[in-house]
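**Q** Pasting upload_14.cif here (mmCIF, C-alpha atoms):
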```
data_structure
#
loop_
_atom_site.label_atom_id
_atom_site.label_comp_id
_atom_site.auth_asym_id
_atom_site.auth_seq_id
_atom_site.Cartn_x
_atom_site.Cartn_y
_atom_site.Cartn_z
CA MET A 242 -127.67 86.29 116.64
CA LYS A 243 -126.81 89.33 114.54
CA GLN A 244 -125.94 88.86 110.90
CA LYS A 245 -122.88 90.63 109.58
CA PRO A 246 -123.68 93.36 107.07
CA MET A 247 -123.10 92.13 103.56
CA LYS A 248 -120.37 93.71 101.50
CA THR A 249 -121.71 95.22 98.29
CA ASP A 250 -120.49 93.17 95.37
CA VAL A 251 -122.45 94.68 92.48
CA HIS A 252 -122.87 98.41 91.85
CA ILE A 253 -125.74 99.67 89.69
CA PHE A 254 -125.76 103.25 88.42
CA ILE A 255 -129.17 104.69 87.47
CA SER A 256 -128.91 107.55 84.99
CA TYR A 257 -131.98 109.79 84.72
CA ALA A 258 -132.99 113.36 83.99
CA HIS A 259 -133.87 115.34 87.11
CA LEU A 260 -136.83 117.00 85.46
CA ASP A 261 -138.50 113.66 84.74
CA PRO A 262 -141.17 112.49 87.19
CA LEU A 263 -139.62 110.57 90.07
CA LEU A 264 -142.12 107.72 89.69
CA PHE A 265 -139.93 105.66 87.39
CA LYS A 266 -136.64 106.18 89.23
CA ASP A 267 -138.23 105.50 92.61
CA THR A 268 -140.06 102.43 91.30
CA LEU A 269 -136.90 101.07 89.72
CA VAL A 270 -134.82 101.64 92.86
CA SER A 271 -137.45 99.82 94.95
CA LEU A 272 -137.55 96.94 92.47
CA LEU A 273 -133.80 96.47 92.73
CA ARG A 274 -133.84 95.47 96.37
CA TRP A 275 -133.45 91.77 97.06
CA PRO A 276 -133.44 90.12 100.50
CA ARG A 277 -129.93 89.24 101.71
CA VAL A 278 -128.40 90.38 98.43
CA SER A 279 -125.68 93.00 98.47
CA VAL A 280 -126.43 95.13 95.44
CA SER A 281 -125.84 98.88 95.66
CA VAL A 282 -128.06 101.14 93.55
CA TRP A 283 -126.52 104.57 93.00
CA THR A 284 -128.48 107.69 92.20
CA ASP A 285 -127.28 111.22 92.70
CA GLU A 286 -129.28 111.39 95.91
CA LYS A 287 -126.14 109.85 97.44
CA ILE A 288 -124.22 113.07 96.81
CA VAL A 289 -123.43 114.59 100.19
CA PRO A 290 -123.71 118.29 100.96
CA GLY A 291 -120.46 120.13 100.49
CA SER A 292 -119.12 117.71 97.87
CA ILE A 293 -118.62 118.42 94.19
CA PRO A 294 -121.45 116.65 92.33
CA ASP A 295 -119.40 116.01 89.18
CA HIS A 296 -116.68 114.25 91.20
CA ALA A 297 -119.20 112.06 93.03
CA ILE A 298 -120.97 111.11 89.80
CA ARG A 299 -117.72 110.31 87.99
CA ALA A 300 -116.54 108.19 90.93
CA ALA A 301 -119.81 106.22 90.88
CA LEU A 302 -119.50 105.78 87.09
CA GLU A 303 -116.03 104.30 87.60
CA GLU A 304 -117.27 101.96 90.35
CA MET A 305 -120.41 100.72 88.56
CA HIS A 306 -120.85 97.26 87.11
CA ILE A 307 -124.25 97.94 85.55
CA PHE A 308 -125.47 101.16 83.92
CA VAL A 309 -129.27 101.63 83.80
CA PRO A 310 -130.26 104.70 81.76
CA LEU A 311 -133.91 105.78 82.13
CA ILE A 312 -134.52 107.10 78.62
CA THR A 313 -137.00 109.94 78.06
CA PRO A 314 -137.02 113.15 75.98
CA LEU A 315 -135.44 114.99 78.92
CA PHE A 316 -132.74 112.31 79.25
CA ASP A 317 -132.03 112.74 75.53
CA ALA A 318 -131.80 116.52 75.96
CA SER A 319 -129.57 116.52 79.06
CA SER A 320 -126.11 117.77 78.15
CA TYR A 321 -124.54 116.32 81.34
CA ILE A 322 -125.96 112.87 80.67
CA GLN A 323 -124.96 112.96 77.00
CA GLU A 324 -121.50 114.47 77.56
CA VAL A 325 -120.44 112.66 80.75
CA GLU A 326 -122.55 109.70 81.85
CA VAL A 327 -123.28 108.00 78.51
CA PRO A 328 -119.72 108.38 77.12
CA VAL A 329 -118.19 106.87 80.30
CA ALA A 330 -120.70 104.01 80.22
CA LYS A 331 -120.13 103.42 76.50
CA TYR A 332 -116.34 103.43 76.88
CA ARG A 333 -116.44 100.99 79.79
CA TYR A 334 -119.01 98.83 77.98
CA GLN A 335 -116.78 98.61 74.91
CA LYS A 336 -113.87 97.55 77.16
CA GLY A 337 -116.09 94.82 78.65
CA GLU A 338 -116.12 96.41 82.11
CA VAL A 339 -119.84 97.17 82.48
CA LEU A 340 -123.20 95.92 81.33
CA ILE A 341 -125.88 98.31 80.14
CA ALA A 342 -129.65 97.88 80.51
CA PRO A 343 -131.45 100.75 78.76
CA VAL A 344 -134.95 101.33 80.11
CA VAL A 345 -137.08 103.25 77.64
CA ILE A 346 -139.58 105.16 79.75
CA SER A 347 -140.92 107.00 76.72
CA ASP A 348 -139.72 107.68 73.19
CA PRO A 349 -136.81 110.11 73.55
CA GLY A 350 -137.71 111.92 70.35
CA GLY A 351 -134.16 113.16 69.72
CA THR A 352 -131.10 111.47 68.30
CA ASN A 353 -128.75 111.48 71.30
CA CYS A 354 -129.90 108.04 72.49
CA GLU A 355 -129.44 106.15 69.23
CA TRP A 356 -126.48 104.13 70.54
CA LEU A 357 -128.34 103.14 73.72
CA LEU A 358 -131.48 102.29 71.74
CA GLY A 359 -129.41 99.87 69.66
CA LEU A 360 -128.79 97.73 72.77
CA GLU A 361 -131.17 95.14 74.20
CA ARG A 362 -133.74 97.07 76.26
CA LEU A 363 -135.81 96.53 79.37
CA PRO A 364 -138.63 95.86 80.00
CA ASP A 365 -139.48 95.15 76.34
CA LYS A 366 -137.62 95.28 73.05
CA LYS A 367 -140.26 97.29 71.22
CA LYS A 368 -142.45 99.01 73.81
CA SER A 369 -141.64 101.71 76.31
CA TRP A 370 -142.37 101.37 80.01
CA ALA A 371 -145.10 104.01 79.62
CA GLU A 372 -146.80 101.99 76.85
CA ILE A 373 -146.73 98.77 78.89
CA ARG A 374 -148.12 100.56 81.95
CA LYS A 375 -150.90 102.15 79.89
CA GLU A 376 -151.89 98.74 78.51
CA SER A 377 -151.61 96.78 81.75
CA LEU A 378 -153.01 99.06 84.45
CA PRO A 379 -156.64 99.08 83.20
CA THR A 380 -156.79 95.29 82.79
CA ALA A 381 -154.33 93.80 85.25
CA GLY A 382 -154.44 96.55 87.87
CA PHE A 383 -150.67 96.68 88.24
CA ASP A 384 -147.60 97.66 86.29
CA GLU A 385 -146.67 94.64 84.16
CA ALA A 386 -143.39 96.31 83.26
CA GLN A 387 -142.03 95.87 86.78
CA GLN A 388 -141.32 92.14 86.76
CA PRO A 389 -139.46 92.09 83.43
CA LEU A 390 -137.37 95.04 84.65
CA ARG A 391 -136.51 93.27 87.88
CA ASP A 392 -135.80 89.97 86.12
CA GLY A 393 -133.67 91.66 83.46
CA VAL A 394 -131.51 93.55 85.93
CA TRP A 395 -131.20 90.44 88.11
CA LYS A 396 -129.79 88.53 85.10
CA LEU A 397 -127.16 91.24 84.73
CA VAL A 398 -126.33 91.07 88.45
CA GLU A 399 -125.78 87.32 88.10
CA MET A 400 -123.62 87.87 85.00
CA VAL A 401 -121.44 90.36 86.90
CA ARG A 402 -121.05 87.94 89.79
CA ALA A 403 -120.18 85.02 87.50
CA LYS A 404 -117.58 87.12 85.66
CA ARG A 405 -116.00 88.29 88.92
CA LYS A 406 -115.65 84.69 90.18
CA LYS A 407 -113.48 83.74 87.21
#
```
Represent the structure of the file as structure tokens.

**A**
Amino acid sequence: MKQKPMKTDVHIFISYAHLDPLLFKDTLVSLLRWPRVSVSVWTDEKIVPGSIPDHAIRAALEEMHIFVPLITPLFDASSYIQEVEVPVAKYRYQKGEVLIAPVVISDPGGTNCEWLLGLERLPDKKKSWAEIRKESLPTAGFDEAQQPLRDGVWKLVEMVRAKRKK
């Protein structure tokens, strides 16, 4: 018996700098897949040829329930991220429409991320993902930052669902 495809009920927008290594974005996207759970993770890889990228990104920003910025020096330096993505997320966050889960990949170095850095972060409040990986890989043999990231985003998914049921 075929199961009906599930309708997506939670939309996650991952904001990242294109020049950053794909390791973190790809790892995060793979972590945010749950069996029989209808969560849509949006990255700009979903932009179709012939479309206007800015329109597609803005549409996804308006549809999102959760904003996950992958903070690095290149993220901090990106004018598009700082002038479009973060302001939309901040505005919608302040209106209570979205949740934000900043993921500090590495210290951004600049000052453009100060507002995001003032929010509760994943995977750790004080350490970057790169620091946790550096500490855990030699001893544990795996990335100990992955489970707290997954658990943290899952909590936000559940919060979105609970709010939408009201």

**Q** Looking at all atoms listed in the file, which of A:Pro290, A:Lys331, A:Leu363, A:Arg299 is the one that sits closest to Trp395 of chain A?

**A**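 Between A:Pro290, A:Lys331, A:Leu363, A:Arg299, the residue approaching Trp395 of chain A most closely is A:Leu363.
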
**Q** At what distance in Å, to one decimal, does atom CA of Val270 of chain A lie from atom CA of Val339 of chain A?

**A** 18.8 Å

**Q** As a check of understanding, name the residues that the PyMOL selection byres ((chain A and resi 342) around 9) selects in the supplied structure, as a list in words.

**A**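 Expected selection for the PyMOL selection byres ((chain A and resi 342) around 9) here is Ile307, Phe308, Val309, Pro310, Leu340, Ile341, Pro343, Val344, Leu357, Leu360, Glu361, Arg362, Leu363, Gly393, Val394 and Leu397 of chain A.
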
**Q** How many Å lie between atom CA of Lys396 of chain A and atom CA of Val251 of chain A, rounded to one decimal?

**A**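 Between these atoms lies a distance of 12.1 Å.
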
**Q** Could you tell me how far atom CA of Val345 of chain A lies from atom CA of Lys368 of chain A, in Å and to one decimal?

**A**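 The value is 7.8 Å.
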
**Q** Using all atoms listed in the file, which residue out of A:Gln388, A:Asp365, A:Trp370, A:Tyr257 lies closest to Ser319 of chain A?

**A**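 So, comparing all the options, the nearest one is A:Tyr257.
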
**Q** My list of candidates is A:Asp250, A:Glu376, A:Asp285, A:Glu355. Which is closest to Asp317 of chain A when distances are computed with all atoms listed in the file?

**A** A:Glu355

**Q** Just want the 9 Å neighbourhood of Glu372 of chain A, counted on only C-alpha atoms, with same-chain residues fewer than 5 positions away dropped. Output as JSON, numbers by chain.

**A** {"A": [346, 347, 377]}

**Q** With distances taken over all atoms listed in the file, which of A:Val398, A:Val327, A:Ala258, A:Ala403 is nearest to Arg274 of chain A?

**A**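 Result for the nearest residue to Arg274 of chain A: A:Val398.
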
**Q** I'd like the contact shell of Phe316 of chain A - 9 Å cut-off, all atoms listed in the file, skipping same-chain residues fewer than 4 positions apart - returned as a PyMOL selection string.

**A** chain A and resi 256-261+310-312+320+322-323+349+353-354

**Q** Rank nothing, just name the residue among A:Lys404, A:Pro262, A:Ala318, A:Glu304 nearest to Gly337 of chain A, using all atoms listed in the file.

**A**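 Residue with the minimum atom-to-atom distance to Gly337 of chain A: A:Lys404.
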
**Q** Between A:Tyr332, A:Phe254, A:Thr284, A:Leu315, which is the closest to Leu302 of chain A once you count all atoms listed in the file?

**A**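 Nearest candidate to Leu302 of chain A out of A:Tyr332, A:Phe254, A:Thr284, A:Leu315: A:Phe254.
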
**Q** Which residues match the PyMOL selection byres ((chain A and resi 295) around 12) in the file above, as a PyMOL selection string?

**A** chain A and resi 285+288-289+292-294+296-302+321-322+324-326

**Q** Export C-alpha atoms of the chosen residues as a PDB file, in the coordinates of the input?

**A**
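And here is the file that came out, again00.pdb:
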```pdb
ATOM      1  CA  ASP A 285    -127.280 111.220  92.700  1.00  0.00           C
ATOM      2  CA  ILE A 288    -124.220 113.070  96.810  1.00  0.00           C
ATOM      3  CA  VAL A 289    -123.430 114.590 100.190  1.00  0.00           C
ATOM      4  CA  SER A 292    -119.120 117.710  97.870  1.00  0.00           C
ATOM      5  CA  ILE A 293    -118.620 118.420  94.190  1.00  0.00           C
ATOM      6  CA  PRO A 294    -121.450 116.650  92.330  1.00  0.00           C
ATOM      7  CA  HIS A 296    -116.680 114.250  91.200  1.00  0.00           C
ATOM      8  CA  ALA A 297    -119.200 112.060  93.030  1.00  0.00           C
ATOM      9  CA  ILE A 298    -120.970 111.110  89.800  1.00  0.00           C
ATOM     10  CA  ARG A 299    -117.720 110.310  87.990  1.00  0.00           C
ATOM     11  CA  ALA A 300    -116.540 108.190  90.930  1.00  0.00           C
ATOM     12  CA  ALA A 301    -119.810 106.220  90.880  1.00  0.00           C
ATOM     13  CA  LEU A 302    -119.500 105.780  87.090  1.00  0.00           C
ATOM     14  CA  TYR A 321    -124.540 116.320  81.340  1.00  0.00           C
ATOM     15  CA  ILE A 322    -125.960 112.870  80.670  1.00  0.00           C
ATOM     16  CA  GLU A 324    -121.500 114.470  77.560  1.00  0.00           C
ATOM     17  CA  VAL A 325    -120.440 112.660  80.750  1.00  0.00           C
ATOM     18  CA  GLU A 326    -122.550 109.700  81.850  1.00  0.00           C
TER      19      GLU A 326
END
```
